[in-house]
$ cat my_file.cif   # mmCIF, C-alpha atoms
data_coords
#
loop_
_atom_site.group_PDB
_atom_site.id
_atom_site.type_symbol
_atom_site.label_atom_id
_atom_site.label_comp_id
_atom_site.auth_asym_id
_atom_site.auth_seq_id
_atom_site.Cartn_x
_atom_site.Cartn_y
_atom_site.Cartn_z
ATOM 1 C CA MET V 1 108.145 121.613 160.978
ATOM 2 C CA ALA V 2 104.492 121.058 160.166
ATOM 3 C CA GLU V 3 103.732 118.144 157.901
ATOM 4 C CA GLN V 4 102.143 119.024 154.606
ATOM 5 C CA ILE V 5 98.604 117.701 154.435
ATOM 6 C CA ILE V 6 97.867 116.150 151.081
ATOM 7 C CA PRO V 7 94.211 116.446 150.107
ATOM 8 C CA PRO V 8 92.434 113.071 149.688
ATOM 9 C CA ALA V 9 91.526 114.041 146.134
ATOM 10 C CA ARG V 10 95.185 114.464 145.279
ATOM 11 C CA ARG V 11 96.119 111.171 146.953
ATOM 12 C CA THR V 12 93.472 109.361 144.927
ATOM 13 C CA LEU V 13 94.636 110.928 141.701
ATOM 14 C CA GLU V 14 98.322 110.291 142.352
ATOM 15 C CA ALA V 15 97.622 106.629 143.113
ATOM 16 C CA GLN V 16 95.934 106.294 139.724
ATOM 17 C CA LEU V 17 98.732 108.163 137.970
ATOM 18 C CA GLY V 18 101.050 105.514 139.390
ATOM 19 C CA SER V 19 98.935 102.575 138.248
ATOM 20 C CA ALA V 20 100.398 100.025 135.861
ATOM 21 C CA ARG V 21 97.832 100.856 133.210
ATOM 22 C CA PHE V 22 98.552 104.602 133.292
ATOM 23 C CA LEU V 23 102.327 104.122 133.285
ATOM 24 C CA ALA V 24 102.111 101.559 130.483
ATOM 25 C CA GLY V 25 100.457 104.295 128.407
ATOM 26 C CA VAL V 26 103.393 106.572 129.192
ATOM 27 C CA GLU V 27 105.934 103.894 128.254
ATOM 28 C CA ALA V 28 104.038 103.157 125.037
ATOM 29 C CA GLY V 29 104.256 106.851 124.100
ATOM 30 C CA ARG V 30 100.488 107.397 124.147
ATOM 31 C CA TRP V 31 100.571 110.174 126.744
ATOM 32 C CA GLU V 32 102.820 111.922 129.239
ATOM 33 C CA ILE V 33 102.430 114.082 132.319
ATOM 34 C CA LEU V 34 103.924 117.526 131.669
ATOM 35 C CA THR V 35 103.528 118.654 135.250
ATOM 36 C CA LEU V 36 101.249 118.246 138.225
ATOM 37 C CA ALA V 37 100.427 121.600 139.828
ATOM 38 C CA TRP V 38 97.558 120.641 142.092
ATOM 39 C CA PRO V 39 94.658 120.745 141.406
ATOM 40 C CA ASN V 40 95.770 120.837 137.780
ATOM 41 C CA VAL V 41 97.461 118.079 135.832
ATOM 42 C CA TYR V 42 98.935 118.999 132.459
ATOM 43 C CA VAL V 43 99.202 116.145 129.993
ATOM 44 C CA ARG V 44 100.322 115.673 126.410
ATOM 45 C CA VAL V 45 98.490 113.050 124.356
ATOM 46 C CA ILE V 46 100.125 111.630 121.246
ATOM 47 C CA GLY V 47 97.757 109.977 118.777
ATOM 48 C CA LYS V 48 98.975 107.752 115.954
ATOM 49 C CA ASP V 49 97.457 106.730 112.647
ATOM 50 C CA PRO V 50 97.776 102.920 112.729
ATOM 51 C CA ASP V 51 98.297 102.636 108.961
ATOM 52 C CA SER V 52 100.809 105.406 108.199
ATOM 53 C CA GLY V 53 102.331 105.834 111.648
ATOM 54 C CA ARG V 54 101.716 109.603 111.467
ATOM 55 C CA THR V 55 101.451 111.126 114.899
ATOM 56 C CA PHE V 56 99.648 114.181 116.240
ATOM 57 C CA ALA V 57 100.052 115.588 119.743
ATOM 58 C CA HIS V 58 97.938 117.934 121.828
ATOM 59 C CA ASP V 59 98.148 119.219 125.400
ATOM 60 C CA PHE V 60 95.319 119.279 127.917
ATOM 61 C CA GLN V 61 94.714 120.694 131.365
ATOM 62 C CA LEU V 62 92.821 118.421 133.762
ATOM 63 C CA GLU V 63 91.466 120.366 136.735
ATOM 64 C CA CYS V 64 90.961 117.728 139.419
ATOM 65 C CA SER V 65 89.706 119.430 142.588
ATOM 66 C CA GLY V 66 87.452 117.026 144.478
ATOM 67 C CA TYR V 67 88.606 114.087 142.373
ATOM 68 C CA PRO V 68 87.116 111.582 141.734
ATOM 69 C CA ASP V 69 83.765 113.197 142.488
ATOM 70 C CA PRO V 70 83.409 115.296 140.439
ATOM 71 C CA GLY V 71 85.585 114.152 137.586
ATOM 72 C CA PRO V 72 88.173 116.323 135.844
ATOM 73 C CA GLN V 73 87.315 119.523 134.056
ATOM 74 C CA ILE V 74 89.233 119.270 130.800
ATOM 75 C CA GLU V 75 90.548 122.200 128.757
ATOM 76 C CA ARG V 76 92.478 122.200 125.495
ATOM 77 C CA TRP V 77 95.881 123.594 126.393
ATOM 78 C CA SER V 78 99.154 124.874 125.045
ATOM 79 C CA PHE V 79 101.714 123.950 127.680
ATOM 80 C CA ALA V 80 104.741 126.112 128.454
ATOM 81 C CA ASP V 81 107.313 125.701 131.191
ATOM 82 C CA ASN V 82 106.456 128.929 133.009
ATOM 83 C CA ALA V 83 104.569 130.130 136.076
ATOM 84 C CA THR V 84 101.150 129.631 134.520
ATOM 85 C CA HIS V 85 102.115 126.382 132.744
ATOM 86 C CA GLY V 86 101.036 127.882 129.445
ATOM 87 C CA GLN V 87 97.578 128.901 128.427
ATOM 88 C CA LYS V 88 94.343 127.671 126.939
ATOM 89 C CA ALA V 89 94.913 126.703 123.333
ATOM 90 C CA PRO V 90 92.815 128.230 120.557
ATOM 91 C CA SER V 91 90.145 126.099 118.926
ATOM 92 C CA PRO V 92 91.629 123.996 116.145
ATOM 93 C CA SER V 93 91.483 125.500 112.715
ATOM 94 C CA THR V 94 88.894 123.670 110.679
ATOM 95 C CA PRO V 95 88.739 121.426 108.756
ATOM 96 C CA GLY V 96 89.847 118.522 110.873
ATOM 97 C CA ALA V 97 88.436 115.249 112.112
ATOM 98 C CA PRO V 98 84.830 116.255 112.919
ATOM 99 C CA GLY V 99 84.798 114.568 116.324
ATOM 100 C CA PHE V 100 88.061 116.237 117.328
ATOM 101 C CA VAL V 101 86.959 119.653 116.116
ATOM 102 C CA ASP V 102 83.612 119.291 117.916
ATOM 103 C CA ALA V 103 85.289 118.338 121.195
ATOM 104 C CA MET V 104 87.692 121.286 120.987
ATOM 105 C CA LYS V 105 85.171 123.952 120.039
ATOM 106 C CA GLU V 106 84.624 127.093 122.087
ATOM 107 C CA TRP V 107 81.279 126.913 123.834
ATOM 108 C CA GLY V 108 82.067 128.239 127.316
ATOM 109 C CA GLY V 109 82.207 125.018 129.322
ATOM 110 C CA GLY V 110 85.570 123.486 128.484
ATOM 111 C CA PHE V 111 86.310 120.352 126.520
ATOM 112 C CA TYR V 112 83.095 119.220 124.860
ATOM 113 C CA ARG V 113 82.607 115.565 125.686
ATOM 114 C CA ALA V 114 80.340 113.764 128.133
ATOM 115 C CA TRP V 115 83.372 112.721 130.186
ATOM 116 C CA SER V 116 84.483 116.310 130.882
ATOM 117 C CA ARG V 117 82.926 117.906 133.971
ATOM 118 C CA GLY V 118 81.620 121.044 132.283
ATOM 119 C CA ALA V 119 79.965 119.233 129.404
ATOM 120 C CA ALA V 120 78.501 116.320 131.374
ATOM 121 C CA THR V 121 75.429 118.262 132.461
ATOM 122 C CA HIS V 122 74.945 120.089 129.179
ATOM 123 C CA ASN V 123 71.635 118.909 127.722
ATOM 124 C CA ASN V 124 71.712 116.033 130.216
ATOM 125 C CA TRP V 125 74.560 114.506 128.223
ATOM 126 C CA ALA V 126 75.959 112.218 130.910
ATOM 127 C CA GLN V 127 72.541 110.683 131.484
ATOM 128 C CA LEU V 128 71.992 110.143 127.783
ATOM 129 C CA ARG V 129 75.402 108.549 127.217
ATOM 130 C CA ARG V 130 76.263 106.633 130.363
ATOM 131 C CA ASP V 131 78.868 104.687 128.421
ATOM 132 C CA GLU V 132 80.799 107.941 127.911
ATOM 133 C CA ALA V 133 80.007 109.620 131.219
ATOM 134 C CA TRP V 134 82.404 109.954 134.115
ATOM 135 C CA HIS V 135 81.568 108.349 137.457
ATOM 136 C CA PRO V 136 83.722 108.088 140.570
ATOM 137 C CA ASN V 137 84.478 104.405 140.037
ATOM 138 C CA ARG V 138 86.316 105.193 136.832
ATOM 139 C CA SER V 139 90.067 105.828 136.701
ATOM 140 C CA ILE V 140 92.020 108.697 135.164
ATOM 141 C CA VAL V 141 92.998 106.115 132.515
ATOM 142 C CA PHE V 142 89.413 106.348 131.216
ATOM 143 C CA ILE V 143 90.000 110.045 130.493
ATOM 144 C CA MET V 144 93.406 109.424 128.950
ATOM 145 C CA GLU V 145 92.156 106.639 126.679
ATOM 146 C CA ASN V 146 89.280 108.796 125.452
ATOM 147 C CA LEU V 147 91.648 111.711 124.797
ATOM 148 C CA TYR V 148 93.972 109.307 123.006
ATOM 149 C CA ALA V 149 91.138 108.084 120.788
ATOM 150 C CA LEU V 150 90.176 111.640 119.816
ATOM 151 C CA VAL V 151 93.731 112.785 119.165
ATOM 152 C CA THR V 152 94.288 109.618 117.122
ATOM 153 C CA GLU V 153 91.244 110.475 115.004
ATOM 154 C CA GLN V 154 92.901 113.796 114.214
ATOM 155 C CA ALA V 155 96.150 111.955 113.344
ATOM 156 C CA VAL V 156 94.198 109.664 110.999
ATOM 157 C CA TRP V 157 92.481 112.677 109.424
ATOM 158 C CA LEU V 158 95.804 114.458 108.882
ATOM 159 C CA ALA V 159 97.328 111.303 107.378
ATOM 160 C CA SER V 160 94.477 111.109 104.880
ATOM 161 C CA ARG V 161 95.261 114.582 103.478
ATOM 162 C CA PRO V 162 97.426 114.798 100.361
ATOM 163 C CA MET T 1 117.354 93.507 140.939
ATOM 164 C CA LYS T 2 114.956 94.944 138.382
ATOM 165 C CA THR T 3 111.244 94.368 138.847
ATOM 166 C CA ILE T 4 108.530 94.790 136.209
ATOM 167 C CA ARG T 5 105.030 95.654 137.364
ATOM 168 C CA VAL T 6 102.558 93.839 135.136
ATOM 169 C CA GLU T 7 98.838 94.356 134.747
ATOM 170 C CA VAL T 8 97.250 91.267 133.207
ATOM 171 C CA GLU T 9 93.853 90.606 131.693
ATOM 172 C CA ILE T 10 93.114 87.033 130.574
ATOM 173 C CA GLU T 11 90.675 86.313 127.750
ATOM 174 C CA ASP T 12 87.087 87.184 128.719
ATOM 175 C CA ARG T 13 87.484 86.743 132.465
ATOM 176 C CA LYS T 14 86.591 90.422 133.069
ATOM 177 C CA SER T 15 89.135 90.850 135.827
ATOM 178 C CA VAL T 16 92.501 92.557 135.926
ATOM 179 C CA GLU T 17 95.370 91.325 138.094
ATOM 180 C CA VAL T 18 98.580 93.177 138.910
ATOM 181 C CA ILE T 19 101.724 91.155 139.558
ATOM 182 C CA GLU T 20 105.390 92.004 140.015
ATOM 183 C CA VAL T 21 107.998 90.009 138.138
ATOM 184 C CA ILE T 22 111.413 90.037 139.757
ATOM 185 C CA GLY T 23 114.252 90.077 137.252
ATOM 186 C CA GLY T 24 112.104 91.558 134.526
ATOM 187 C CA THR T 25 113.030 89.004 131.868
ATOM 188 C CA LEU T 26 110.746 87.871 129.060
ATOM 189 C CA ASP T 27 110.870 84.308 130.347
ATOM 190 C CA GLY T 28 109.988 85.478 133.821
ATOM 191 C CA VAL T 29 107.033 87.549 132.649
ATOM 192 C CA LEU T 30 105.663 84.713 130.510
ATOM 193 C CA ARG T 31 106.093 82.208 133.317
ATOM 194 C CA GLU T 32 104.199 84.397 135.795
ATOM 195 C CA VAL T 33 101.419 85.220 133.352
ATOM 196 C CA LEU T 34 100.912 81.568 132.422
ATOM 197 C CA ALA T 35 100.824 80.654 136.099
ATOM 198 C CA LEU T 36 98.268 83.366 136.784
ATOM 199 C CA ALA T 37 96.118 82.246 133.862
ATOM 200 C CA GLN T 38 96.572 78.561 134.674
ATOM 201 C CA LEU T 39 96.802 77.936 130.959
ATOM 202 C CA GLU T 40 99.645 76.539 128.869
ATOM 203 C CA ASP T 41 98.827 77.589 125.320
ATOM 204 C CA LEU T 42 98.492 81.312 125.876
ATOM 205 C CA HIS T 43 99.595 84.130 123.567
ATOM 206 C CA VAL T 44 100.646 87.188 125.544
ATOM 207 C CA PHE T 45 100.426 90.680 124.071
ATOM 208 C CA GLU T 46 100.860 94.247 125.215
ATOM 209 C CA ARG T 47 97.550 96.101 124.990
ATOM 210 C CA ASP T 48 96.762 97.347 121.494
ATOM 211 C CA LYS T 49 99.828 95.671 119.964
ATOM 212 C CA ASP T 50 99.677 93.232 117.045
ATOM 213 C CA GLU T 51 102.439 90.808 117.979
ATOM 214 C CA PRO T 52 103.095 88.790 121.137
ATOM 215 C CA ILE T 53 105.622 90.248 123.546
ATOM 216 C CA GLY T 54 109.330 89.745 122.872
ATOM 217 C CA ILE T 55 112.580 90.710 124.514
ATOM 218 C CA GLU T 56 111.824 94.396 123.947
ATOM 219 C CA ILE T 57 109.713 94.281 127.105
ATOM 220 C CA GLU T 58 112.883 93.791 129.148
ATOM 221 C CA GLU T 59 113.570 97.515 128.592
ATOM 222 C CA LEU T 60 110.302 98.462 130.306
ATOM 223 C CA THR T 61 109.383 98.851 133.960
ATOM 224 C CA VAL T 62 105.633 98.427 133.640
ATOM 225 C CA LEU T 63 103.418 96.438 131.278
ATOM 226 C CA SER T 64 99.732 96.161 130.537
ATOM 227 C CA LEU T 65 99.157 92.720 129.007
ATOM 228 C CA HIS T 66 96.377 90.679 127.517
ATOM 229 C CA GLY T 67 96.628 86.912 127.319
ATOM 230 C CA HIS T 68 94.492 84.833 124.997
ATOM 231 C CA ARG T 69 94.562 81.352 123.467
ATOM 232 C CA CYS T 70 93.551 82.865 120.129
ATOM 233 C CA ARG T 71 96.523 84.206 118.180
ATOM 234 C CA LYS T 72 94.179 86.134 115.877
ATOM 235 C CA VAL T 73 90.487 86.970 116.060
ATOM 236 C CA ALA T 74 88.328 87.080 112.936
ATOM 237 C CA VAL T 75 86.292 90.245 113.484
ATOM 238 C CA LYS T 76 83.123 90.572 111.427
ATOM 239 C CA VAL T 77 81.460 93.984 111.368
ATOM 240 C CA ASN T 78 77.906 94.395 110.098
ATOM 241 C CA TRP T 79 76.611 97.656 108.715
ATOM 242 C CA SER T 80 73.827 98.468 106.316
ATOM 243 C CA HIS T 81 73.184 94.848 105.197
ATOM 244 C CA GLU T 82 76.871 94.303 104.509
ATOM 245 C CA THR T 83 79.585 92.478 106.438
ATOM 246 C CA LYS T 84 83.326 93.151 106.404
ATOM 247 C CA GLU T 85 85.890 90.881 108.035
ATOM 248 C CA HIS T 86 89.436 91.440 109.215
ATOM 249 C CA HIS T 87 91.804 89.560 111.510
ATOM 250 C CA PHE T 88 93.170 91.338 114.561
ATOM 251 C CA ALA T 89 95.250 90.299 117.536
ATOM 252 C CA PRO T 90 93.025 89.781 120.606
ATOM 253 C CA SER T 91 94.902 92.600 122.360
ATOM 254 C CA VAL T 92 93.747 95.245 119.890
ATOM 255 C CA HIS T 93 91.486 97.969 121.227
ATOM 256 C CA ILE T 94 87.923 98.371 119.989
ATOM 257 C CA HIS T 95 88.944 101.831 118.764
ATOM 258 C CA ARG T 96 91.425 100.340 116.291
ATOM 259 C CA VAL T 97 88.744 98.008 114.921
ATOM 260 C CA LEU T 98 86.461 101.035 114.623
ATOM 261 C CA LEU T 99 89.103 102.979 112.672
ATOM 262 C CA TRP T 100 89.414 100.041 110.277
ATOM 263 C CA ALA T 101 85.636 99.614 109.945
ATOM 264 C CA ILE T 102 84.963 103.269 109.089
ATOM 265 C CA GLY T 103 88.075 103.699 106.951
ATOM 266 C CA LYS T 104 88.887 102.946 103.340
ATOM 267 C CA LYS T 105 89.598 99.281 104.042
ATOM 268 C CA GLY T 106 86.235 98.952 105.765
ATOM 269 C CA PHE T 107 82.969 100.676 104.909
ATOM 270 C CA ASN T 108 84.666 103.922 103.835
ATOM 271 C CA LEU T 109 82.197 106.203 105.626
ATOM 272 C CA ASP T 110 82.156 109.923 104.957
ATOM 273 C CA GLU T 111 83.729 112.198 107.545
ATOM 274 C CA MET T 112 80.561 113.185 109.370
ATOM 275 C CA ALA T 113 79.430 109.559 109.593
ATOM 276 C CA ARG T 114 82.865 108.551 110.901
ATOM 277 C CA ALA T 115 82.506 111.007 113.766
ATOM 278 C CA LYS T 116 79.242 109.370 114.861
ATOM 279 C CA ALA T 117 80.368 105.770 114.479
ATOM 280 C CA ASN T 118 80.599 103.305 117.329
ATOM 281 C CA LEU T 119 80.844 99.544 117.612
ATOM 282 C CA ILE T 120 78.283 97.594 119.593
ATOM 283 C CA LEU T 121 77.698 93.936 120.385
ATOM 284 C CA PRO T 122 74.617 92.522 118.631
ATOM 285 C CA GLY T 123 71.587 93.139 120.837
ATOM 286 C CA ALA T 124 73.420 95.430 123.251
ATOM 287 C CA GLU T 125 72.175 98.904 124.148
ATOM 288 C CA GLU T 126 75.441 100.764 124.662
ATOM 289 C CA PRO T 127 78.501 101.096 122.435
ATOM 290 C CA LEU T 128 81.615 99.213 123.443
ATOM 291 C CA PRO T 129 84.321 101.143 125.311
ATOM 292 C CA LYS T 130 86.944 102.263 122.825
ATOM 293 C CA ASP T 131 89.771 101.075 125.071
ATOM 294 C CA ALA T 132 88.417 97.562 125.635
ATOM 295 C CA VAL T 133 90.528 94.784 124.107
ATOM 296 C CA ILE T 134 88.605 92.656 121.647
ATOM 297 C CA GLY T 135 89.838 89.451 123.276
ATOM 298 C CA SER T 136 87.746 90.296 126.327
ATOM 299 C CA PHE T 137 84.651 89.554 124.220
ATOM 300 C CA VAL T 138 85.961 86.350 122.644
ATOM 301 C CA HIS T 139 85.348 82.959 124.215
ATOM 302 C CA HIS T 140 88.058 80.372 123.817
ATOM 303 C CA GLY T 141 87.422 77.806 121.109
ATOM 304 C CA LYS T 142 85.858 80.263 118.716
ATOM 305 C CA CYS T 143 88.372 82.873 117.657
ATOM 306 C CA GLU T 144 85.838 85.216 116.113
ATOM 307 C CA LEU T 145 83.784 88.231 117.096
ATOM 308 C CA THR T 146 80.756 89.790 115.430
ATOM 309 C CA LEU T 147 80.072 93.496 115.961
ATOM 310 C CA GLU T 148 77.561 95.999 114.670
ATOM 311 C CA LEU T 149 78.588 99.422 113.414
ATOM 312 C CA THR T 150 76.203 102.070 114.674
ATOM 313 C CA LEU T 151 75.884 105.766 113.881
ATOM 314 C CA LYS T 152 74.132 106.590 117.138
ATOM 315 C CA GLU T 153 74.471 110.347 117.657
ATOM 316 C CA PHE T 154 77.236 111.301 120.081
ATOM 317 C CA THR T 155 77.381 115.025 119.539
ATOM 318 C CA ASN T 156 75.282 117.132 121.847
ATOM 319 C CA GLY T 157 74.382 120.288 120.019
#

$ encode --input "my_file.cif" --output "C-alpha cells"
Amino acid sequence: MAEQIIPPARRTLEAQLGSARFLAGVEAGRWEILTLAWPNVYVRVIGKDPDSGRTFAHDFQLECSGYPDPGPQIERWSFADNATHGQKAPSPSTPGAPGFVDAMKEWGGGFYRAWSRGAATHNNWAQLRRDEAWHPNRSIVFIMENLYALVTEQAVWLASRP
Amino acid sequence: MKTIRVEVEIEDRKSVEVIEVIGGTLDGVLREVLALAQLEDLHVFERDKDEPIGIEIEELTVLSLHGHRCRKVAVKVNWSHETKEHHFAPSVHIHRVLLWAIGKKGFNLDEMARAKANLILPGAEEPLPKDAVIGSFVHHGKCELTLELTLKEFTNG
C-alpha cells in the first residue's frame, strides 16, 4: 500500500497546532479546532469580557495551502458537521464593536485585517502595519490571538449593552 | 505517569522554553520552572491570568506560563495629557490592559476611538503585540510599566 505523502505545508501547520502555546489556548477555552480538512482548518474562537465574564463565539475558516508562505486566508464561517463543513457566515448585523464589524465586512477579499492573506496586499496594508502583518516566521498562534482579541472586543461590546 | 508540557517565559528575557514535567503536580511544575529561571522568589502565572498557578493546573496537560518576581505591575497609561494607573499581574496580555485603558475605568473612549486604540512603549514606532505579556517589558526591581495610548489608524478603507 502506498504511503500517503503529507504536504510540507500541512506538516508545518500541524506541528504548530500541537505546540504548547496553541494547546494551552484550547485548554483555557479561548479557541478550539472544529476540524482539519486540508488545506482548510475550521476553528471556533470564544472571546470573553474580562469584567462581566460574558462570552461570544465565532467560527472561522483558515485556508492554509502553502503555509507558512503565504499565510492563511481567513473567512468568517458558520461551521456545520457536514460535507462542506458549513458555509461562509453573513456579515455581522451592525451595530457591534467597530473593529469587529470592520474585520467581518463583505469586501470581496475575505477577513479584513492585515494578517489575513487577502487583505494584506490591499492598499499596501501589510507594509504599512508590519506589526500586524503575517510573515513566515510567525506561528498560527499569532492568528488565533488576533482573532481572540477581535472576538473579545465584540464580547465586551455586547456586555456593555443594556 | 502523567506528563505536563510547559511553555515558560521568564520576566523580560525575551525567550520561550518548553519543558516537560513528569508527574504533572503543582510542586513539580514550580520546581522545574524555578530551576529553569534560576530564581527563588518567582511568581508563576498562566498567561493572561490574574493569580499564580494553583492545584487546578494538575487537571491540565499543557501550560503556557509566565514567571516574574513582581507579583503585580503598576501600569501607567498616558493619553491626552492625562495618566491613569492600574495594577495588573505580570502575566496579563497587553490586550487586557488596552481594554481597561479604553473602557469606563480608563479613559472611556467613544466606540470609534476604541477601535483605533493601541498601546505603545514611549518612543517606540510600532504598537505592542496584543498577546504580549506585560511582564516581558518589566525589569526586575521596578514593578511598573509606562505605556502610551495611541489612536494610530488601523482600518484600511

$ residues_near_point --input "my_file.cif" --point "(98.3, 116.9, 123.8)" --cutoff "12 Å" --atoms "only C-alpha atoms" --output "number ranges by chain"
V: 29-34, 42-47, 55-62, 74-79, 88-89, 104, 144, 147-152, 154-155

$ closest_atom_pairs --input "my_file.cif" --of "chain V" --to "chain T" --cutoff "6 Å" --atoms "only C-alpha atoms" --output "JSON lines"
{"residue": "V:Ala20", "atom": "CA", "partner": "T:Val62", "partner_atom": "CA", "distance": 5.9}
{"residue": "V:Arg21", "atom": "CA", "partner": "T:Ser64", "partner_atom": "CA", "distance": 5.7}
{"residue": "V:Ala24", "atom": "CA", "partner": "T:Leu63", "partner_atom": "CA", "distance": 5.3}
{"residue": "V:Pro98", "atom": "CA", "partner": "T:Ala115", "partner_atom": "CA", "distance": 5.8}
{"residue": "V:Gly99", "atom": "CA", "partner": "T:Ala115", "partner_atom": "CA", "distance": 4.9}

$ atom_distance --input "my_file.cif" --atom1 "CA of Met1 in chain T" --atom2 "CA of Pro52 in chain T"
24.9 Å

$ residues_around --input "my_file.cif" --residues "Ser91 in chain T" --least-positions-apart "5" --cutoff "10 Å" --atoms "all atoms listed in the file" --output "PyMOL selection string"
chain T and resi 9+11+43-52+65-68+71-73+132-136

$ closest_residue --input "my_file.cif" --among "T:Pro122, T:Thr150, T:Lys142, T:Gly54" --to "Ala101 in chain T" --atoms "only C-alpha atoms"
T:Thr150

$ atom_distance --input "my_file.cif" --atom1 "CA of Cys70 in chain T" --atom2 "CA of Val29 in chain T"
19.0 Å

$ residues_around --input "my_file.cif" --residues "Gly24 in chain T" --least-positions-apart "4" --cutoff "6 Å" --atoms "all atoms listed in the file" --output "list of chain:residue names"
T:Lys2, T:Thr3, T:Ile4, T:Glu58

$ atom_distance --input "my_file.cif" --atom1 "CA of Glu82 in chain T" --atom2 "CA of Val138 in chain T"
21.8 Å

$ axis_aligned_box --input "my_file.cif" --around "range 94-111 of chain V" --padding-each-side "4 Å" --output "JSON"
{"center_x": 85.6, "center_y": 121.4, "center_z": 119.0, "size_x": 16.6, "size_y": 21.7, "size_z": 28.6}

$ residues_near_point --input "my_file.cif" --point "(87.4, 93.9, 118.4)" --cutoff "7 Å" --atoms "all atoms listed in the file" --output "PyMOL selection string"
chain T and resi 75+92-94+97+133-134+145

$ write_last_selection --input "my_file.cif" --atoms "C-alpha atoms" --output "short mmCIF file (atom, residue, chain, number, x, y, z; two decimals), keeping the file's coordinate frame"
data_model
loop_
_atom_site.label_atom_id
_atom_site.label_comp_id
_atom_site.auth_asym_id
_atom_site.auth_seq_id
_atom_site.Cartn_x
_atom_site.Cartn_y
_atom_site.Cartn_z
CA VAL T 75 86.29 90.24 113.48
CA VAL T 92 93.75 95.24 119.89
CA HIS T 93 91.49 97.97 121.23
CA ILE T 94 87.92 98.37 119.99
CA VAL T 97 88.74 98.01 114.92
CA VAL T 133 90.53 94.78 124.11
CA ILE T 134 88.60 92.66 121.65
CA LEU T 145 83.78 88.23 117.10
#

$ resolve_selection --input "my_file.cif" --expression "the PyMOL selection byres ((chain V and resi 161) around 12)" --output "PDB file with C-alpha atoms, in the frame of the given file"
ATOM      1  CA  SER V  52     100.809 105.406 108.199  1.00  0.00           C
ATOM      2  CA  ARG V  54     101.716 109.603 111.467  1.00  0.00           C
ATOM      3  CA  PRO V  95      88.739 121.426 108.756  1.00  0.00           C
ATOM      4  CA  GLY V  96      89.847 118.522 110.873  1.00  0.00           C
ATOM      5  CA  ALA V  97      88.436 115.249 112.112  1.00  0.00           C
ATOM      6  CA  GLN V 154      92.901 113.796 114.214  1.00  0.00           C
ATOM      7  CA  ALA V 155      96.150 111.955 113.344  1.00  0.00           C
ATOM      8  CA  VAL V 156      94.198 109.664 110.999  1.00  0.00           C
ATOM      9  CA  TRP V 157      92.481 112.677 109.424  1.00  0.00           C
ATOM     10  CA  LEU V 158      95.804 114.458 108.882  1.00  0.00           C
ATOM     11  CA  ALA V 159      97.328 111.303 107.378  1.00  0.00           C
ATOM     12  CA  SER V 160      94.477 111.109 104.880  1.00  0.00           C
ATOM     13  CA  PRO V 162      97.426 114.798 100.361  1.00  0.00           C
TER      14      PRO V 162
END

$ resolve_selection --input "my_file.cif" --expression "the PyMOL selection byres ((chain T and resi 36) around 10)" --output "tab-separated table (two decimals) with C-alpha atoms, in the coordinates of the input"
chain	number	residue	atom	x	y	z
T	8	VAL	CA	97.25	91.27	133.21
T	9	GLU	CA	93.85	90.61	131.69
T	10	ILE	CA	93.11	87.03	130.57
T	17	GLU	CA	95.37	91.32	138.09
T	19	ILE	CA	101.72	91.16	139.56
T	30	LEU	CA	105.66	84.71	130.51
T	31	ARG	CA	106.09	82.21	133.32
T	32	GLU	CA	104.20	84.40	135.79
T	33	VAL	CA	101.42	85.22	133.35
T	34	LEU	CA	100.91	81.57	132.42
T	35	ALA	CA	100.82	80.65	136.10
T	37	ALA	CA	96.12	82.25	133.86
T	38	GLN	CA	96.57	78.56	134.67
T	39	LEU	CA	96.80	77.94	130.96

$ resolve_selection --input "my_file.cif" --expression "the PyMOL selection byres ((chain V and resi 16) around 12)" --output "mmCIF file with C-alpha atoms, keeping the file's coordinate frame"
data_model
loop_
_atom_site.group_PDB
_atom_site.id
_atom_site.type_symbol
_atom_site.label_atom_id
_atom_site.label_comp_id
_atom_site.auth_asym_id
_atom_site.auth_seq_id
_atom_site.Cartn_x
_atom_site.Cartn_y
_atom_site.Cartn_z
ATOM 1 C CA ALA V 9 91.526 114.041 146.134
ATOM 2 C CA ARG V 10 95.185 114.464 145.279
ATOM 3 C CA ARG V 11 96.119 111.171 146.953
ATOM 4 C CA THR V 12 93.472 109.361 144.927
ATOM 5 C CA LEU V 13 94.636 110.928 141.701
ATOM 6 C CA GLU V 14 98.322 110.291 142.352
ATOM 7 C CA ALA V 15 97.622 106.629 143.113
ATOM 8 C CA LEU V 17 98.732 108.163 137.970
ATOM 9 C CA GLY V 18 101.050 105.514 139.390
ATOM 10 C CA SER V 19 98.935 102.575 138.248
ATOM 11 C CA ALA V 20 100.398 100.025 135.861
ATOM 12 C CA ARG V 21 97.832 100.856 133.210
ATOM 13 C CA PHE V 22 98.552 104.602 133.292
ATOM 14 C CA LEU V 23 102.327 104.122 133.285
ATOM 15 C CA TYR V 67 88.606 114.087 142.373
ATOM 16 C CA PRO V 68 87.116 111.582 141.734
ATOM 17 C CA ASN V 137 84.478 104.405 140.037
ATOM 18 C CA ARG V 138 86.316 105.193 136.832
ATOM 19 C CA SER V 139 90.067 105.828 136.701
ATOM 20 C CA ILE V 140 92.020 108.697 135.164
ATOM 21 C CA VAL V 141 92.998 106.115 132.515
ATOM 22 C CA PHE V 142 89.413 106.348 131.216
ATOM 23 C CA ILE V 143 90.000 110.045 130.493
ATOM 24 C CA MET V 144 93.406 109.424 128.950
#

$ build_atoms --input "my_file.cif" --residues "range 22-26 of chain T" --atoms "N, CA and C atoms" --output "PDB file, in the frame of the given file"
ATOM      1  N   ILE T  22     110.030  89.726 139.369  1.00  0.00           N
ATOM      2  CA  ILE T  22     111.413  90.037 139.757  1.00  0.00           C
ATOM      3  C   ILE T  22     112.359  89.565 138.659  1.00  0.00           C
ATOM      4  N   GLY T  23     113.304  90.399 138.317  1.00  0.00           N
ATOM      5  CA  GLY T  23     114.252  90.077 137.252  1.00  0.00           C
ATOM      6  C   GLY T  23     113.875  90.759 135.952  1.00  0.00           C
ATOM      7  N   GLY T  24     112.584  90.815 135.694  1.00  0.00           N
ATOM      8  CA  GLY T  24     112.104  91.558 134.526  1.00  0.00           C
ATOM      9  C   GLY T  24     112.462  90.947 133.187  1.00  0.00           C
ATOM     10  N   THR T  25     112.707  89.640 133.147  1.00  0.00           N
ATOM     11  CA  THR T  25     113.030  89.004 131.868  1.00  0.00           C
ATOM     12  C   THR T  25     111.753  88.567 131.157  1.00  0.00           C
ATOM     13  N   LEU T  26     111.881  88.360 129.841  1.00  0.00           N
ATOM     14  CA  LEU T  26     110.746  87.871 129.060  1.00  0.00           C
ATOM     15  C   LEU T  26     110.282  86.519 129.589  1.00  0.00           C
TER      16      LEU T  26
END
